[in-house]
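Here is the file coords28.txt (compact mmCIF, C-alpha atoms).
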```
# COMPACT_ATOMS: atom_id res chain seq x y z
CA MET Z 1312 53.57 158.72 58.05
CA ARG Z 1313 55.18 157.70 61.33
CA ARG Z 1314 56.61 154.57 59.67
CA LEU Z 1315 58.02 156.70 56.86
CA LEU Z 1316 59.71 159.04 59.33
CA ARG Z 1317 61.12 156.11 61.31
CA GLY Z 1318 62.55 154.60 58.11
CA LEU Z 1319 64.07 157.92 57.14
CA LEU Z 1320 65.61 158.36 60.59
CA ARG Z 1321 67.04 154.82 60.47
CA ARG Z 1322 68.62 155.54 57.09
CA MET Z 1323 70.13 158.81 58.35
CA LEU Z 1324 71.55 157.08 61.43
CA ARG Z 1325 73.12 154.42 59.22
CA LEU Z 1326 74.85 157.20 57.27
CA VAL Z 1327 76.41 158.85 60.33
CA GLU Z 1328 77.29 155.61 62.17
CA PRO Z 1329 80.97 154.76 61.66
CA ARG Z 1330 81.26 151.44 59.90
CA PRO Z 1331 84.36 149.27 59.52
CA ALA Z 1332 86.15 149.56 56.18
CA SER Z 1333 86.10 145.77 55.76
CA PRO Z 1334 84.82 142.74 57.69
CA HIS Z 1335 88.34 142.37 59.03
CA ASP Z 1336 88.53 145.89 60.46
CA THR Z 1337 87.57 145.72 64.13
CA SER Z 1338 88.99 149.12 65.09
CA SER Z 1339 85.68 150.53 66.34
CA ALA Z 1340 85.12 147.44 68.54
CA ILE Z 1341 88.66 147.84 69.87
CA GLU Z 1342 88.00 151.49 70.72
CA ARG Z 1343 84.88 150.49 72.64
CA LEU Z 1344 86.88 147.85 74.58
CA ARG Z 1345 89.62 150.37 75.36
CA ALA Z 1346 86.96 152.73 76.69
CA ARG Z 1347 85.88 149.92 79.05
CA GLY Z 1348 89.46 149.62 80.30
CA VAL Z 1349 90.91 146.73 78.30
CA ARG Z 1350 94.56 147.44 77.46
CA ILE Z 1351 95.01 146.62 73.79
CA GLY Z 1352 98.14 146.99 71.69
CA GLU Z 1353 98.37 147.96 68.03
CA GLY Z 1354 97.36 145.99 64.95
CA CYS Z 1355 94.84 143.70 66.68
CA ALA Z 1356 91.64 142.18 65.32
CA ILE Z 1357 89.08 141.46 68.04
CA TYR Z 1358 85.72 139.83 67.25
CA SER Z 1359 84.62 139.24 70.85
CA ASP Z 1360 83.26 141.73 73.36
CA PHE Z 1361 83.12 139.35 76.34
CA PHE Z 1362 85.71 140.81 78.69
CA SER Z 1363 83.96 139.99 81.95
CA THR Z 1364 82.96 142.42 84.68
CA GLU Z 1365 86.56 143.61 85.18
CA PRO Z 1366 87.76 144.37 81.63
CA TYR Z 1367 90.50 146.59 83.10
CA LEU Z 1368 92.24 143.42 84.34
CA VAL Z 1369 92.84 142.24 80.75
CA SER Z 1370 95.92 143.23 78.72
CA ILE Z 1371 96.27 142.33 75.06
CA GLY Z 1372 99.59 142.76 73.21
CA ASN Z 1373 100.30 143.90 69.66
CA HIS Z 1374 98.99 142.08 66.58
CA VAL Z 1375 96.69 139.73 68.47
CA GLY Z 1376 93.76 138.02 66.74
CA ILE Z 1377 90.77 137.19 68.96
CA SER Z 1378 87.93 135.26 67.33
CA GLY Z 1379 84.22 135.51 67.97
CA GLY Z 1380 82.80 133.95 71.12
CA VAL Z 1381 86.07 134.11 73.08
CA LYS Z 1382 85.41 134.75 76.77
CA PHE Z 1383 87.85 136.40 79.15
CA LEU Z 1384 86.84 135.56 82.73
CA THR Z 1385 88.59 137.78 85.24
CA HIS Z 1386 86.90 136.31 88.29
CA ASP Z 1387 86.17 132.80 89.57
CA GLY Z 1388 82.43 132.37 89.90
CA SER Z 1389 82.81 129.38 92.21
CA ALA Z 1390 83.49 131.90 95.00
CA TRP Z 1391 79.70 131.79 95.20
CA LEU Z 1392 80.09 128.91 97.65
CA MET Z 1393 81.89 131.19 100.12
CA ARG Z 1394 79.12 133.77 100.18
CA GLY Z 1395 77.44 132.35 103.29
CA GLU Z 1396 80.56 133.07 105.32
CA HIS Z 1397 81.98 135.95 103.24
CA PRO Z 1398 79.08 137.78 101.55
CA ARG Z 1399 81.34 140.26 99.70
CA ARG Z 1400 84.19 137.90 98.78
CA GLN Z 1401 85.36 137.56 95.16
CA VAL Z 1402 88.30 135.69 93.65
CA LEU Z 1403 89.87 137.65 90.82
CA GLY Z 1404 92.86 137.48 88.52
CA THR Z 1405 94.48 139.28 85.63
CA ILE Z 1406 94.71 138.01 82.06
CA VAL Z 1407 97.68 138.88 79.87
CA VAL Z 1408 98.06 137.99 76.20
CA GLY Z 1409 101.44 138.51 74.52
CA ASP Z 1410 102.19 139.81 71.03
CA ASN Z 1411 101.34 138.10 67.75
CA THR Z 1412 99.02 135.51 69.28
CA PHE Z 1413 95.81 134.03 67.90
CA ILE Z 1414 92.87 132.87 70.05
CA GLY Z 1415 90.37 130.61 68.28
CA GLU Z 1416 86.58 130.75 68.26
CA ASN Z 1417 84.75 130.17 71.56
CA SER Z 1418 87.86 129.70 73.69
CA VAL Z 1419 87.61 130.54 77.38
CA ILE Z 1420 90.51 132.32 79.06
CA LEU Z 1421 90.27 131.98 82.83
CA CYS Z 1422 91.49 134.45 85.45
CA GLY Z 1423 95.15 134.26 86.40
CA THR Z 1424 96.23 133.36 82.87
CA SER Z 1425 99.25 134.64 81.01
CA ILE Z 1426 99.49 133.63 77.36
CA GLY Z 1427 102.88 134.23 75.75
CA SER Z 1428 103.76 135.74 72.40
CA ASN Z 1429 103.42 133.92 69.06
CA CYS Z 1430 100.91 131.42 70.50
CA ILE Z 1431 97.92 129.72 68.93
CA ILE Z 1432 94.96 128.85 71.16
CA GLY Z 1433 92.75 126.36 69.32
CA ALA Z 1434 89.00 126.85 69.03
CA GLY Z 1435 87.09 125.91 72.16
CA ALA Z 1436 90.16 125.63 74.41
CA VAL Z 1437 89.77 126.42 78.09
CA VAL Z 1438 93.00 128.05 79.19
CA ARG Z 1439 94.39 128.70 82.66
CA GLY Z 1440 97.87 129.40 84.00
CA ARG Z 1441 101.07 130.30 82.21
CA ILE Z 1442 101.31 129.48 78.52
CA PRO Z 1443 104.88 129.89 77.19
CA ASP Z 1444 105.81 131.71 73.97
CA ASN Z 1445 105.23 129.84 70.71
CA ALA Z 1446 102.81 127.33 72.28
CA LEU Z 1447 100.05 125.56 70.38
CA VAL Z 1448 97.26 124.97 72.92
CA ILE Z 1449 94.12 122.90 72.40
CA GLY Z 1450 91.37 121.27 74.46
CA ASN Z 1451 89.78 121.47 77.87
CA PRO Z 1452 91.79 121.73 80.01
CA GLY Z 1453 93.98 123.57 77.51
CA GLN Z 1454 97.22 121.71 76.91
CA THR Z 1455 100.32 122.66 74.95
CA VAL Z 1456 100.63 120.03 72.25
CA GLY Z 1457 103.35 121.58 70.13
CA ARG Z 1458 105.01 124.68 68.73
CA ALA Z 1459 102.82 127.27 67.04
CA SER Z 1460 105.68 127.98 64.60
CA LEU Z 1461 105.68 124.33 63.48
CA PHE Z 1462 101.89 124.35 63.06
CA ILE Z 1463 102.14 127.50 60.94
CA GLU Z 1464 104.75 125.85 58.72
CA MET Z 1465 102.44 122.84 58.30
CA LEU Z 1466 99.53 125.12 57.43
CA ARG Z 1467 101.63 127.17 55.00
CA GLN Z 1468 102.48 124.00 53.05
CA GLY Z 1469 98.90 122.71 53.09
CA GLU Z 1470 96.91 122.52 49.85
CA ASN Z 1471 94.19 124.77 51.32
CA SER Z 1472 96.60 127.60 52.12
CA LEU Z 1473 95.41 130.28 49.66
CA ASP Z 1474 96.05 134.01 49.14
CA THR Z 1475 92.38 135.05 49.10
CA LEU Z 1476 92.26 137.83 51.69
CA GLY Z 1477 91.36 141.19 50.14
CA MET Z 1478 90.23 139.64 46.82
CA GLU Z 1479 87.12 141.00 45.14
CA GLU Z 1480 84.31 138.85 46.60
CA GLY Z 1481 83.02 137.46 43.30
CA ALA Z 1482 86.48 136.39 42.16
CA ARG Z 1483 87.20 134.95 45.59
CA ARG Z 1484 83.99 132.93 45.61
CA GLU Z 1485 84.72 131.59 42.13
CA LEU Z 1486 88.27 130.65 43.09
CA LEU Z 1487 87.14 128.87 46.28
CA LEU Z 1488 84.30 126.96 44.60
CA ARG Z 1489 86.72 125.80 41.92
CA HIS Z 1490 89.46 124.97 44.44
CA PHE Z 1491 87.11 122.77 46.46
CA GLY Z 1492 85.65 121.13 43.37
CA LEU Z 1493 82.19 122.59 43.86
CA THR Z 1494 81.89 123.86 40.31
CA ALA Z 1495 83.25 122.78 36.94
CA PRO Z 1496 85.93 124.99 35.29
CA GLY Z 1497 84.21 127.65 33.20
CA GLU Z 1498 80.84 127.13 34.93
CA ARG Z 1499 79.54 130.18 36.78
CA PRO Z 1500 79.25 129.47 40.52
CA MET E 127 125.25 115.77 62.59
CA SER E 128 125.23 112.08 63.60
CA ASP E 129 124.67 110.77 67.10
CA ALA E 130 125.74 107.32 68.29
CA ALA E 131 123.13 107.43 71.08
CA PHE E 132 120.26 107.83 68.61
CA ASP E 133 117.55 105.30 69.50
CA GLU E 134 115.90 104.50 66.18
CA ALA E 135 113.62 101.84 67.68
CA ALA E 136 112.22 104.36 70.15
CA VAL E 137 111.59 106.87 67.37
CA VAL E 138 109.87 104.26 65.18
CA ALA E 139 107.76 103.19 68.17
CA ALA E 140 106.76 106.82 68.81
CA ILE E 141 105.69 107.28 65.19
CA ALA E 142 103.75 104.00 65.22
CA ASN E 143 102.07 105.04 68.44
CA GLU E 144 100.97 108.38 66.94
CA LEU E 145 99.70 106.59 63.82
CA LYS E 146 97.99 103.97 66.03
CA ILE E 147 99.63 101.04 64.24
CA SER E 148 102.16 98.43 65.32
CA PRO E 149 105.86 99.35 64.83
CA ALA E 150 106.23 96.16 62.75
CA ALA E 151 103.58 97.42 60.34
CA LEU E 152 105.33 100.76 59.82
CA ASP E 153 106.67 101.19 56.30
CA LEU E 154 109.59 103.66 56.16
CA GLU E 155 108.53 104.67 52.64
CA SER E 156 104.96 105.55 53.65
CA LYS E 157 103.95 109.21 53.46
CA TRP E 158 101.87 111.32 55.86
CA GLY E 159 99.64 112.87 53.24
CA GLU E 160 99.00 109.97 50.86
CA ASP E 161 99.12 106.98 53.21
CA TYR E 162 97.90 108.33 56.55
CA ASP E 163 95.90 111.45 55.64
CA LEU E 164 97.27 113.38 58.63
CA ASP E 165 96.10 116.95 59.11
CA SER E 166 98.36 119.82 60.24
CA LEU E 167 97.67 119.27 63.93
CA GLU E 168 98.33 115.53 63.70
CA GLN E 169 101.61 116.21 61.91
CA VAL E 170 102.65 118.62 64.64
CA ARG E 171 101.87 115.98 67.28
CA LEU E 172 103.89 113.44 65.33
CA VAL E 173 106.96 115.67 65.13
CA MET E 174 106.68 116.50 68.84
CA ALA E 175 106.47 112.76 69.67
CA VAL E 176 109.58 112.08 67.58
CA GLU E 177 111.45 114.96 69.24
CA ASP E 178 110.52 113.60 72.65
CA ALA E 179 111.50 110.01 71.80
CA ALA E 180 114.83 111.00 70.23
CA GLY E 181 115.63 113.84 72.64
CA VAL E 182 116.21 116.22 69.75
CA ARG E 183 114.87 119.53 68.48
CA ILE E 184 113.82 119.38 64.83
CA GLU E 185 113.85 122.64 62.90
CA ASP E 186 110.31 123.62 61.82
CA LYS E 187 111.15 124.24 58.16
CA LEU E 188 112.95 120.90 57.89
CA ALA E 189 110.13 119.03 59.66
CA VAL E 190 107.68 120.19 57.01
CA GLN E 191 109.90 118.81 54.26
CA ALA E 192 110.12 115.32 55.82
CA ARG E 193 107.16 113.77 54.04
CA SER E 194 107.75 110.10 54.85
CA VAL E 195 108.38 107.99 57.94
CA GLY E 196 111.96 107.28 56.83
CA ALA E 197 112.68 110.96 56.12
CA LEU E 198 111.45 111.96 59.58
CA VAL E 199 113.55 109.25 61.27
CA GLU E 200 116.63 110.45 59.34
CA LEU E 201 115.87 114.07 60.21
CA ALA E 202 115.62 113.16 63.90
CA ARG E 203 118.97 111.36 63.65
CA ARG E 204 120.63 114.51 62.23
CA SER E 205 118.94 117.00 64.58
CA PRO E 206 120.67 118.53 67.61
CA ARG E 207 120.14 116.69 70.89
CA ILE E 208 118.43 118.50 73.75
CA GLY E 209 117.99 115.57 76.17
CA LYS E 210 114.85 113.49 76.74
CA ALA E 211 111.92 115.27 78.32
CA SER E 212 110.83 112.26 80.40
```
Take the structure in this file and express it as structure tokens.
Amino acid sequence: MRRLLRGLLRRMLRLVEPRPASPHDTSSAIERLRARGVRIGEGCAIYSDFFSTEPYLVSIGNHVGISGGVKFLTHDGSAWLMRGEHPRRQVLGTIVVGDNTFIGENSVILCGTSIGSNCIIGAGAVVRGRIPDNALVIGNPGQTVGRASLFIEMLRQGENSLDTLGMEEGARRELLLRHFGLTAPGERP
Amino acid sequence: MSDAAFDEAAVVAAIANELKISPAALDLESKWGEDYDLDSLEQVRLVMAVEDAAGVRIEDKLAVQARSVGALVELARRSPRIGKAS
């Protein structure tokens, strides 16, 4: 009886809980981050909730894409070594991300970093300091290796650049399996 | 736009360096996709290396259309000079 009631309650909660309209809608996550003090512009998609212990020191511009696993570190933990002499000392810094920038999976953005507009931060990059507009940054330590606009042009022309976003999932799956040669034409995936 | 100071040998050397082959082995007709299998990031690095060697700024949309070594060298020759970074 108790199990039945618990199941019923869980189902009811699922009905009232706001859910994103699509896997690409992160608006409820963004609202939660704003409530914690992160300044976030319009039209963003944010798949990470790691905004350190001072989320109010982070500012995100408009139309910024932040992948899962990205960490914003607003303090320098190595201040630990000063604690003997300065028990309350912390070293902190702001983080600013400009408009229309993309930050790849599992990147780490360190305190005192300003990333410009129209930038691409590659997956796993560890970024510190000032990153100019239109920079393509990869690696640890993160280095600017080119123009993001040039990379986008290269991607646009690539054979795996496909208009699949928003497709019905079955049709999308079929198209992708066929595109990558994982199923014969006419065969059901 | 043509530039008398264009250093073709330096540009060819930069391309060979990015492709990790000797400049003498570089075929001007060879293509990034078919002959070297470069991905998008490698192509960006290549264009940046050419820009640096030639002291030019290559327009993004034109860089994408330069599919061979020779085409990229010619594009660098015609691109506006900005001065060498080093």
Practice task
For CA of Val137 in chain E and CA of Glu177 in chain E, quote the distance in Å rounded to one decimal.
Solution key: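 A separation of 8.3 Å between them.
Distances to chain Z were evaluated for E:Ser205, E:Ala180, E:Gly159, E:Ala197 using only C-alpha atoms, and the minimum falls at E:Gly159.
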Counting all atoms listed in the file, which residues of chain E sit at most 10 Å from some atom of chain Z, and what is each one's closest atom pair with its distance in Å to one decimal, listed by chain and rising residue number, as JSON lines?
```
{"residue": "E:Gly159", "atom": "CA", "partner": "Z:Gly1469", "partner_atom": "CA", "distance": 9.9}
{"residue": "E:Asp165", "atom": "CA", "partner": "Z:Met1465", "partner_atom": "CA", "distance": 8.7}
{"residue": "E:Ser166", "atom": "CA", "partner": "Z:Met1465", "partner_atom": "CA", "distance": 5.4}
{"residue": "E:Leu167", "atom": "CA", "partner": "Z:Phe1462", "partner_atom": "CA", "distance": 6.7}
{"residue": "E:Glu168", "atom": "CA", "partner": "Z:Phe1462", "partner_atom": "CA", "distance": 9.5}
{"residue": "E:Gln169", "atom": "CA", "partner": "Z:Met1465", "partner_atom": "CA", "distance": 7.6}
{"residue": "E:Val170", "atom": "CA", "partner": "Z:Phe1462", "partner_atom": "CA", "distance": 6.0}
{"residue": "E:Arg171", "atom": "CA", "partner": "Z:Gly1457", "partner_atom": "CA", "distance": 6.5}
{"residue": "E:Leu172", "atom": "CA", "partner": "Z:Gly1457", "partner_atom": "CA", "distance": 9.5}
{"residue": "E:Val173", "atom": "CA", "partner": "Z:Gly1457", "partner_atom": "CA", "distance": 8.5}
{"residue": "E:Met174", "atom": "CA", "partner": "Z:Gly1457", "partner_atom": "CA", "distance": 6.2}
{"residue": "E:Ala175", "atom": "CA", "partner": "Z:Gly1457", "partner_atom": "CA", "distance": 9.4}
{"residue": "E:Ile184", "atom": "CA", "partner": "Z:Leu1461", "partner_atom": "CA", "distance": 9.6}
{"residue": "E:Glu185", "atom": "CA", "partner": "Z:Leu1461", "partner_atom": "CA", "distance": 8.4}
{"residue": "E:Asp186", "atom": "CA", "partner": "Z:Leu1461", "partner_atom": "CA", "distance": 5.0}
{"residue": "E:Lys187", "atom": "CA", "partner": "Z:Glu1464", "partner_atom": "CA", "distance": 6.6}
{"residue": "E:Leu188", "atom": "CA", "partner": "Z:Glu1464", "partner_atom": "CA", "distance": 9.6}
{"residue": "E:Ala189", "atom": "CA", "partner": "Z:Leu1461", "partner_atom": "CA", "distance": 7.9}
{"residue": "E:Val190", "atom": "CA", "partner": "Z:Met1465", "partner_atom": "CA", "distance": 6.0}
{"residue": "E:Gln191", "atom": "CA", "partner": "Z:Gln1468", "partner_atom": "CA", "distance": 9.1}
```
Problem - For range 1425-1434 of chain Z: contacts at 10 Å, only C-alpha atoms, fewer than 2 positions along chain excluded, given as a ChimeraX atom specification - result: /Z:1369-1381,1405-1423,1436-1450,1453-1455,1457-1460,1462-1463
Problem - Selection: 10 Å around Glu134 in chain E, only C-alpha atoms, excl. self and same-chain fewer than 4 positions, as a PyMOL selection string - result: chain E and resi 138-140+176+179-180+199-200+202-203
Problem - Atomic separation - CA of Ile1351 in chain Z relative to CA of Thr1385 in chain Z, Å - result: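 Separation of CA of Thr1385 in chain Z and CA of Ile1351 in chain Z: 15.8 Å.
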Problem - Point-to-point distance from CA of Glu1470 in chain Z to CA of Asn1451 in chain Z, Å rounded to tenths - result: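 Taking CA of Glu1470 in chain Z and CA of Asn1451 in chain Z, their separation equals 28.9 Å.
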Exercise for the section: Could you check which of Z:Ser1363, Z:Ser1389, Z:Ser1338, Z:Thr1475 is closest to Val1402 in chain Z, using all atoms listed in the file? Expected result: Z:Ser1389
For a cut-off of 12 Å around (98.9, 103.1, 62.1), file coordinates, pick out all residues using only C-alpha atoms and list them as a PDB file with C-alpha atoms, in the coordinates of the input.
```
ATOM      1  CA  VAL E 138     109.870 104.260  65.180  1.00  0.00           C
ATOM      2  CA  ALA E 139     107.760 103.190  68.170  1.00  0.00           C
ATOM      3  CA  ALA E 140     106.760 106.820  68.810  1.00  0.00           C
ATOM      4  CA  ILE E 141     105.690 107.280  65.190  1.00  0.00           C
ATOM      5  CA  ALA E 142     103.750 104.000  65.220  1.00  0.00           C
ATOM      6  CA  ASN E 143     102.070 105.040  68.440  1.00  0.00           C
ATOM      7  CA  GLU E 144     100.970 108.380  66.940  1.00  0.00           C
ATOM      8  CA  LEU E 145      99.700 106.590  63.820  1.00  0.00           C
ATOM      9  CA  LYS E 146      97.990 103.970  66.030  1.00  0.00           C
ATOM     10  CA  ILE E 147      99.630 101.040  64.240  1.00  0.00           C
ATOM     11  CA  SER E 148     102.160  98.430  65.320  1.00  0.00           C
ATOM     12  CA  PRO E 149     105.860  99.350  64.830  1.00  0.00           C
ATOM     13  CA  ALA E 150     106.230  96.160  62.750  1.00  0.00           C
ATOM     14  CA  ALA E 151     103.580  97.420  60.340  1.00  0.00           C
ATOM     15  CA  LEU E 152     105.330 100.760  59.820  1.00  0.00           C
ATOM     16  CA  ASP E 153     106.670 101.190  56.300  1.00  0.00           C
ATOM     17  CA  SER E 156     104.960 105.550  53.650  1.00  0.00           C
ATOM     18  CA  LYS E 157     103.950 109.210  53.460  1.00  0.00           C
ATOM     19  CA  TRP E 158     101.870 111.320  55.860  1.00  0.00           C
ATOM     20  CA  ASP E 161      99.120 106.980  53.210  1.00  0.00           C
ATOM     21  CA  TYR E 162      97.900 108.330  56.550  1.00  0.00           C
ATOM     22  CA  ASP E 163      95.900 111.450  55.640  1.00  0.00           C
ATOM     23  CA  LEU E 164      97.270 113.380  58.630  1.00  0.00           C
ATOM     24  CA  LEU E 172     103.890 113.440  65.330  1.00  0.00           C
ATOM     25  CA  VAL E 195     108.380 107.990  57.940  1.00  0.00           C
TER      26      VAL E 195
END
```
Exercise for the section: Point out the residue among Z:His1335, Z:Leu1487, Z:Leu1392, Z:Val1349 with the least atom-to-atom distance to Ser1472 in chain Z, counting only C-alpha atoms. Expected result: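 Under the stated criterion, the closest residue is Z:Leu1487.
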